[in-house]
$ cat start_21.cif   # mmCIF, C-alpha atoms
data_final
#
loop_
_atom_site.label_atom_id
_atom_site.label_comp_id
_atom_site.auth_asym_id
_atom_site.auth_seq_id
_atom_site.Cartn_x
_atom_site.Cartn_y
_atom_site.Cartn_z
CA MET V 25 68.93 26.45 100.01
CA CYS V 26 68.55 25.04 96.52
CA LYS V 27 67.48 27.16 93.57
CA SER V 28 64.06 25.55 93.26
CA GLU V 29 63.14 26.46 96.85
CA ASN V 30 64.21 30.07 96.24
CA GLU V 31 62.13 30.15 93.07
CA THR V 32 59.14 28.74 94.95
CA PHE V 33 59.36 31.58 97.47
CA MET V 34 59.80 34.19 94.73
CA PHE V 35 56.75 32.80 92.92
CA ALA V 36 54.84 33.36 96.17
CA ALA V 37 56.08 36.96 96.20
CA LEU V 38 54.92 37.30 92.58
CA GLU V 39 51.46 36.04 93.64
CA GLU V 40 51.39 38.86 96.19
CA ALA V 41 52.41 41.33 93.46
CA GLU V 42 49.46 40.09 91.38
CA LYS V 43 47.17 40.85 94.35
CA ALA V 44 48.53 44.39 94.45
CA LEU V 45 47.84 44.70 90.73
CA HIS V 46 44.24 43.63 91.31
CA TYR V 47 43.80 46.56 93.72
CA GLY V 48 45.43 49.09 91.39
CA GLU V 49 48.64 49.15 93.40
CA VAL V 50 52.14 49.04 91.94
CA PRO V 51 52.64 45.25 91.66
CA ILE V 52 55.25 44.52 94.29
CA GLY V 53 55.03 41.51 96.57
CA ALA V 54 57.05 40.08 99.42
CA VAL V 55 57.19 36.96 101.55
CA ILE V 56 59.17 36.31 104.70
CA VAL V 57 60.53 32.81 105.25
CA LYS V 58 61.72 31.14 108.43
CA SER V 59 62.97 27.56 108.67
CA GLY V 60 61.98 26.84 105.08
CA ARG V 61 58.37 27.99 105.31
CA ILE V 62 56.54 31.22 104.56
CA ILE V 63 55.44 32.98 107.72
CA ALA V 64 54.24 36.27 106.20
CA ARG V 65 52.96 37.44 102.82
CA ALA V 66 52.27 41.00 101.75
CA HIS V 67 51.97 43.37 98.83
CA ASN V 68 51.93 47.11 98.26
CA THR V 69 48.98 48.93 99.84
CA ARG V 70 50.05 52.58 99.56
CA GLU V 71 47.12 53.65 97.40
CA THR V 72 44.37 51.66 99.12
CA SER V 73 45.58 52.50 102.63
CA GLU V 74 46.66 56.04 101.70
CA ASP V 75 49.78 55.34 103.73
CA VAL V 76 53.29 56.07 102.45
CA LEU V 77 54.55 53.19 104.60
CA GLY V 78 52.37 50.67 102.73
CA HIS V 79 55.26 49.01 100.93
CA ALA V 80 55.21 45.23 100.55
CA GLU V 81 58.35 44.81 102.68
CA ILE V 82 57.02 46.94 105.56
CA ASN V 83 53.68 45.11 105.48
CA ALA V 84 55.49 41.75 105.51
CA ILE V 85 57.75 42.79 108.39
CA ARG V 86 54.71 43.83 110.44
CA LYS V 87 52.96 40.51 109.81
CA ALA V 88 56.06 38.42 110.57
CA SER V 89 56.73 40.39 113.76
CA GLU V 90 53.16 39.82 114.90
CA ILE V 91 53.38 36.10 114.16
CA LEU V 92 56.75 35.69 115.90
CA GLY V 93 55.86 37.97 118.81
CA GLY V 94 58.74 40.39 118.39
CA TRP V 95 60.53 42.73 116.02
CA ARG V 96 63.75 40.73 115.63
CA LEU V 97 63.54 38.60 112.49
CA THR V 98 67.11 37.30 112.77
CA ASP V 99 66.49 33.85 111.35
CA CYS V 100 64.26 35.07 108.52
CA ASP V 101 64.79 35.79 104.85
CA ILE V 102 62.68 38.02 102.61
CA TYR V 103 61.81 37.49 98.97
CA VAL V 104 60.64 40.64 97.22
CA THR V 105 59.88 41.22 93.56
CA ILE V 106 61.87 44.46 93.30
CA GLU V 107 64.97 45.77 95.01
CA PRO V 108 63.99 47.46 98.29
CA CYS V 109 63.98 51.26 98.49
CA PRO V 110 65.94 53.15 101.18
CA MET V 111 63.02 53.06 103.64
CA CYS V 112 62.48 49.33 103.23
CA THR V 113 66.18 48.49 103.27
CA GLY V 114 66.46 50.41 106.53
CA ALA V 115 63.49 48.53 107.97
CA LEU V 116 64.94 45.18 106.90
CA TYR V 117 68.21 46.16 108.55
CA GLN V 118 66.39 47.20 111.74
CA ALA V 119 64.40 43.94 111.76
CA ARG V 120 67.68 42.00 111.51
CA ILE V 121 66.54 40.08 108.42
CA ARG V 122 69.19 37.50 107.54
CA LYS V 123 68.99 37.63 103.73
CA ILE V 124 67.23 39.71 101.09
CA TYR V 125 66.37 38.04 97.79
CA TYR V 126 64.95 40.29 95.11
CA GLY V 127 63.95 39.89 91.51
CA ALA V 128 64.18 43.15 89.59
CA PRO V 129 66.68 45.93 90.23
CA ASP V 130 65.23 49.36 91.00
CA LEU V 131 67.37 51.72 88.96
CA LYS V 132 65.68 54.81 90.46
CA SER V 133 65.61 54.06 94.17
CA GLY V 134 67.13 50.66 94.89
CA ALA V 135 69.11 50.76 98.13
CA CYS V 136 70.74 47.33 98.19
CA GLN V 137 72.83 47.40 95.02
CA SER V 138 71.51 49.67 92.24
CA VAL V 139 71.42 53.32 93.34
CA MET V 140 72.70 52.95 96.89
CA ARG V 141 74.57 50.15 98.58
CA PHE V 142 73.31 50.35 102.15
CA PHE V 143 75.13 47.24 103.35
CA ASP V 144 78.49 48.53 102.13
CA VAL V 145 78.42 51.12 104.94
CA LYS V 146 81.13 50.31 107.46
CA GLY V 147 80.28 50.09 111.15
CA LEU V 148 76.70 48.80 111.03
CA ASN V 149 75.76 46.42 113.82
CA HIS V 150 74.00 44.05 111.39
CA TYR V 151 74.44 43.17 107.74
CA CYS V 152 71.93 41.42 105.50
CA ASP V 153 73.16 39.19 102.72
CA VAL V 154 71.65 40.23 99.39
CA GLU V 155 70.97 38.12 96.30
CA SER V 156 69.50 39.68 93.18
CA GLY V 157 68.06 38.48 89.90
CA LEU V 158 65.74 35.74 91.18
CA LEU V 159 63.04 35.38 88.48
CA GLU V 160 64.19 38.80 87.33
CA ILE V 161 62.55 38.74 83.88
CA ARG V 162 59.12 37.88 85.31
CA CYS V 163 59.43 40.56 87.98
CA ILE V 164 60.50 43.21 85.45
CA GLN V 165 57.75 42.26 82.99
CA LEU V 166 55.03 42.58 85.64
CA LEU V 167 56.17 46.11 86.45
CA LYS V 168 56.61 47.09 82.78
CA ASP V 169 53.12 45.87 81.91
CA PHE V 170 51.63 47.81 84.82
CA PHE V 171 53.32 51.09 83.94
CA ASN V 172 52.70 50.70 80.19
CA LYS V 173 48.98 50.16 80.86
CA ARG V 174 48.88 53.11 83.25
CA ARG V 175 50.50 55.41 80.65
CA ARG V 176 47.87 54.47 78.04
#
$ encode --input "start_21.cif" --output "structure tokens"
Amino acid sequence: MCKSENETFMFAALEEAEKALHYGEVPIGAVIVKSGRIIARAHNTRETSEDVLGHAEINAIRKASEILGGWRLTDCDIYVTIEPCPMCTGALYQARIRKIYYGAPDLKSGACQSVMRFFDVKGLNHYCDVESGLLEIRCIQLLKDFFNKRRR
């Protein structure tokens, strides 16, 4: 896939993050892509749903599974604005996502490359490819602006 297509999908994830921001949620967005088209879009809903599982990735997995009629997302990629946490990385692994693209590293709870390296564990029955840094500066700035505003 060429860089411009990847950026297009990450911009769609950023649009979802903006929706989360509108609802007072931490601005994280995700899209799931199959065969070059977006099949699911989602953003964080933890605060509005009062559900700890309301992460963008989990919400996107649920939508994609419903659309495809099953939990196996083997031919799908996810674009998410921040590195997935341990819960979301585990869910992406369980869903058999093919590739994870993320923008900003999560230096406190990232489970793909920053704090933990889930897919370096030997003996798993599935491994997701991971690519980081896609529109990283935009993804970081969105989060920084949110937390700076919240602190004021």
$ resolve_selection --input "start_21.cif" --expression "the PyMOL selection byres ((chain V and resi 63-77) around 8)" --output "ChimeraX atom specification"
/V:37,40-41,43-44,47-58,61-62,78-85,87-88,91
$ write_last_selection --input "start_21.cif" --atoms "C-alpha atoms" --output "PDB file, in the frame of the given file"
ATOM      1  CA  ALA V  37      56.080  36.960  96.200  1.00  0.00           C
ATOM      2  CA  GLU V  40      51.390  38.860  96.190  1.00  0.00           C
ATOM      3  CA  ALA V  41      52.410  41.330  93.460  1.00  0.00           C
ATOM      4  CA  LYS V  43      47.170  40.850  94.350  1.00  0.00           C
ATOM      5  CA  ALA V  44      48.530  44.390  94.450  1.00  0.00           C
ATOM      6  CA  TYR V  47      43.800  46.560  93.720  1.00  0.00           C
ATOM      7  CA  GLY V  48      45.430  49.090  91.390  1.00  0.00           C
ATOM      8  CA  GLU V  49      48.640  49.150  93.400  1.00  0.00           C
ATOM      9  CA  VAL V  50      52.140  49.040  91.940  1.00  0.00           C
ATOM     10  CA  PRO V  51      52.640  45.250  91.660  1.00  0.00           C
ATOM     11  CA  ILE V  52      55.250  44.520  94.290  1.00  0.00           C
ATOM     12  CA  GLY V  53      55.030  41.510  96.570  1.00  0.00           C
ATOM     13  CA  ALA V  54      57.050  40.080  99.420  1.00  0.00           C
ATOM     14  CA  VAL V  55      57.190  36.960 101.550  1.00  0.00           C
ATOM     15  CA  ILE V  56      59.170  36.310 104.700  1.00  0.00           C
ATOM     16  CA  VAL V  57      60.530  32.810 105.250  1.00  0.00           C
ATOM     17  CA  LYS V  58      61.720  31.140 108.430  1.00  0.00           C
ATOM     18  CA  ARG V  61      58.370  27.990 105.310  1.00  0.00           C
ATOM     19  CA  ILE V  62      56.540  31.220 104.560  1.00  0.00           C
ATOM     20  CA  GLY V  78      52.370  50.670 102.730  1.00  0.00           C
ATOM     21  CA  HIS V  79      55.260  49.010 100.930  1.00  0.00           C
ATOM     22  CA  ALA V  80      55.210  45.230 100.550  1.00  0.00           C
ATOM     23  CA  GLU V  81      58.350  44.810 102.680  1.00  0.00           C
ATOM     24  CA  ILE V  82      57.020  46.940 105.560  1.00  0.00           C
ATOM     25  CA  ASN V  83      53.680  45.110 105.480  1.00  0.00           C
ATOM     26  CA  ALA V  84      55.490  41.750 105.510  1.00  0.00           C
ATOM     27  CA  ILE V  85      57.750  42.790 108.390  1.00  0.00           C
ATOM     28  CA  LYS V  87      52.960  40.510 109.810  1.00  0.00           C
ATOM     29  CA  ALA V  88      56.060  38.420 110.570  1.00  0.00           C
ATOM     30  CA  ILE V  91      53.380  36.100 114.160  1.00  0.00           C
TER      31      ILE V  91
END
$ resolve_selection --input "start_21.cif" --expression "the PyMOL selection byres ((chain V and resi 123) around 7)" --output "list in words"
Asp101, Ile102, Ile121, Arg122, Ile124, Tyr125, Cys152, Asp153 and Val154 of chain V
$ resolve_selection --input "start_21.cif" --expression "the PyMOL selection byres ((chain V and resi 139) around 12)" --output "VMD selection string"
chain V and resid 107 to 110 129 to 138 140 to 142
$ atom_distance --input "start_21.cif" --atom1 "CA of Val104 in chain V" --atom2 "CA of Arg120 in chain V"
16.0 Å
$ atom_distance --input "start_21.cif" --atom1 "CA of Glu160 in chain V" --atom2 "CA of Arg86 in chain V"
25.5 Å
$ atom_distance --input "start_21.cif" --atom1 "CA of Thr98 in chain V" --atom2 "CA of Tyr151 in chain V"
10.7 Å
$ closest_residue --input "start_21.cif" --among "V:Asn30, V:Leu166, V:Asp99, V:His46" --to "Ser59 in chain V" --atoms "all atoms listed in the file"
V:Asp99
$ closest_residue --input "start_21.cif" --among "V:Lys168, V:Ala115, V:Lys173, V:Ile106" --to "Leu38 in chain V" --atoms "all atoms listed in the file"
V:Ile106
$ build_atoms --input "start_21.cif" --residues "range 152-172 of chain V" --atoms "N, CA and C atoms" --output "compact mmCIF listing (two decimals), keeping the file's coordinate frame"
# COMPACT_ATOMS: atom_id res chain seq x y z
N CYS V 152 72.74 42.41 106.21
CA CYS V 152 71.93 41.42 105.50
C CYS V 152 72.71 40.96 104.27
N ASP V 153 72.68 39.68 104.01
CA ASP V 153 73.16 39.19 102.72
C ASP V 153 72.12 39.58 101.68
N VAL V 154 72.56 39.82 100.47
CA VAL V 154 71.65 40.23 99.39
C VAL V 154 71.93 39.37 98.16
N GLU V 155 70.86 38.86 97.57
CA GLU V 155 70.97 38.12 96.30
C GLU V 155 69.94 38.69 95.33
N SER V 156 70.39 39.06 94.16
CA SER V 156 69.50 39.68 93.18
C SER V 156 69.29 38.79 91.97
N GLY V 157 68.29 39.14 91.18
CA GLY V 157 68.06 38.48 89.90
C GLY V 157 67.21 37.22 89.94
N LEU V 158 66.58 36.93 91.06
CA LEU V 158 65.74 35.74 91.18
C LEU V 158 64.43 35.97 90.43
N LEU V 159 64.20 35.21 89.37
CA LEU V 159 63.04 35.38 88.48
C LEU V 159 62.94 36.82 87.98
N GLU V 160 64.09 37.39 87.70
CA GLU V 160 64.19 38.80 87.33
C GLU V 160 63.30 39.18 86.14
N ILE V 161 63.31 38.39 85.09
CA ILE V 161 62.55 38.74 83.88
C ILE V 161 61.06 38.81 84.18
N ARG V 162 60.55 37.86 84.95
CA ARG V 162 59.12 37.88 85.31
C ARG V 162 58.79 39.10 86.17
N CYS V 163 59.66 39.41 87.10
CA CYS V 163 59.43 40.56 87.98
C CYS V 163 59.45 41.87 87.18
N ILE V 164 60.41 42.00 86.29
CA ILE V 164 60.50 43.21 85.45
C ILE V 164 59.27 43.32 84.56
N GLN V 165 58.87 42.23 83.93
CA GLN V 165 57.75 42.26 82.99
C GLN V 165 56.46 42.68 83.69
N LEU V 166 56.23 42.20 84.89
CA LEU V 166 55.03 42.58 85.64
C LEU V 166 54.98 44.09 85.86
N LEU V 167 56.11 44.66 86.23
CA LEU V 167 56.17 46.11 86.45
C LEU V 167 56.03 46.88 85.13
N LYS V 168 56.71 46.42 84.09
CA LYS V 168 56.61 47.09 82.78
C LYS V 168 55.18 47.09 82.28
N ASP V 169 54.51 45.96 82.37
CA ASP V 169 53.12 45.87 81.91
C ASP V 169 52.23 46.83 82.68
N PHE V 170 52.43 46.90 83.99
CA PHE V 170 51.63 47.81 84.82
C PHE V 170 51.82 49.27 84.39
N PHE V 171 53.06 49.69 84.27
CA PHE V 171 53.32 51.09 83.94
C PHE V 171 52.96 51.42 82.49
N ASN V 172 53.13 50.48 81.57
CA ASN V 172 52.70 50.70 80.19
C ASN V 172 51.19 50.89 80.12
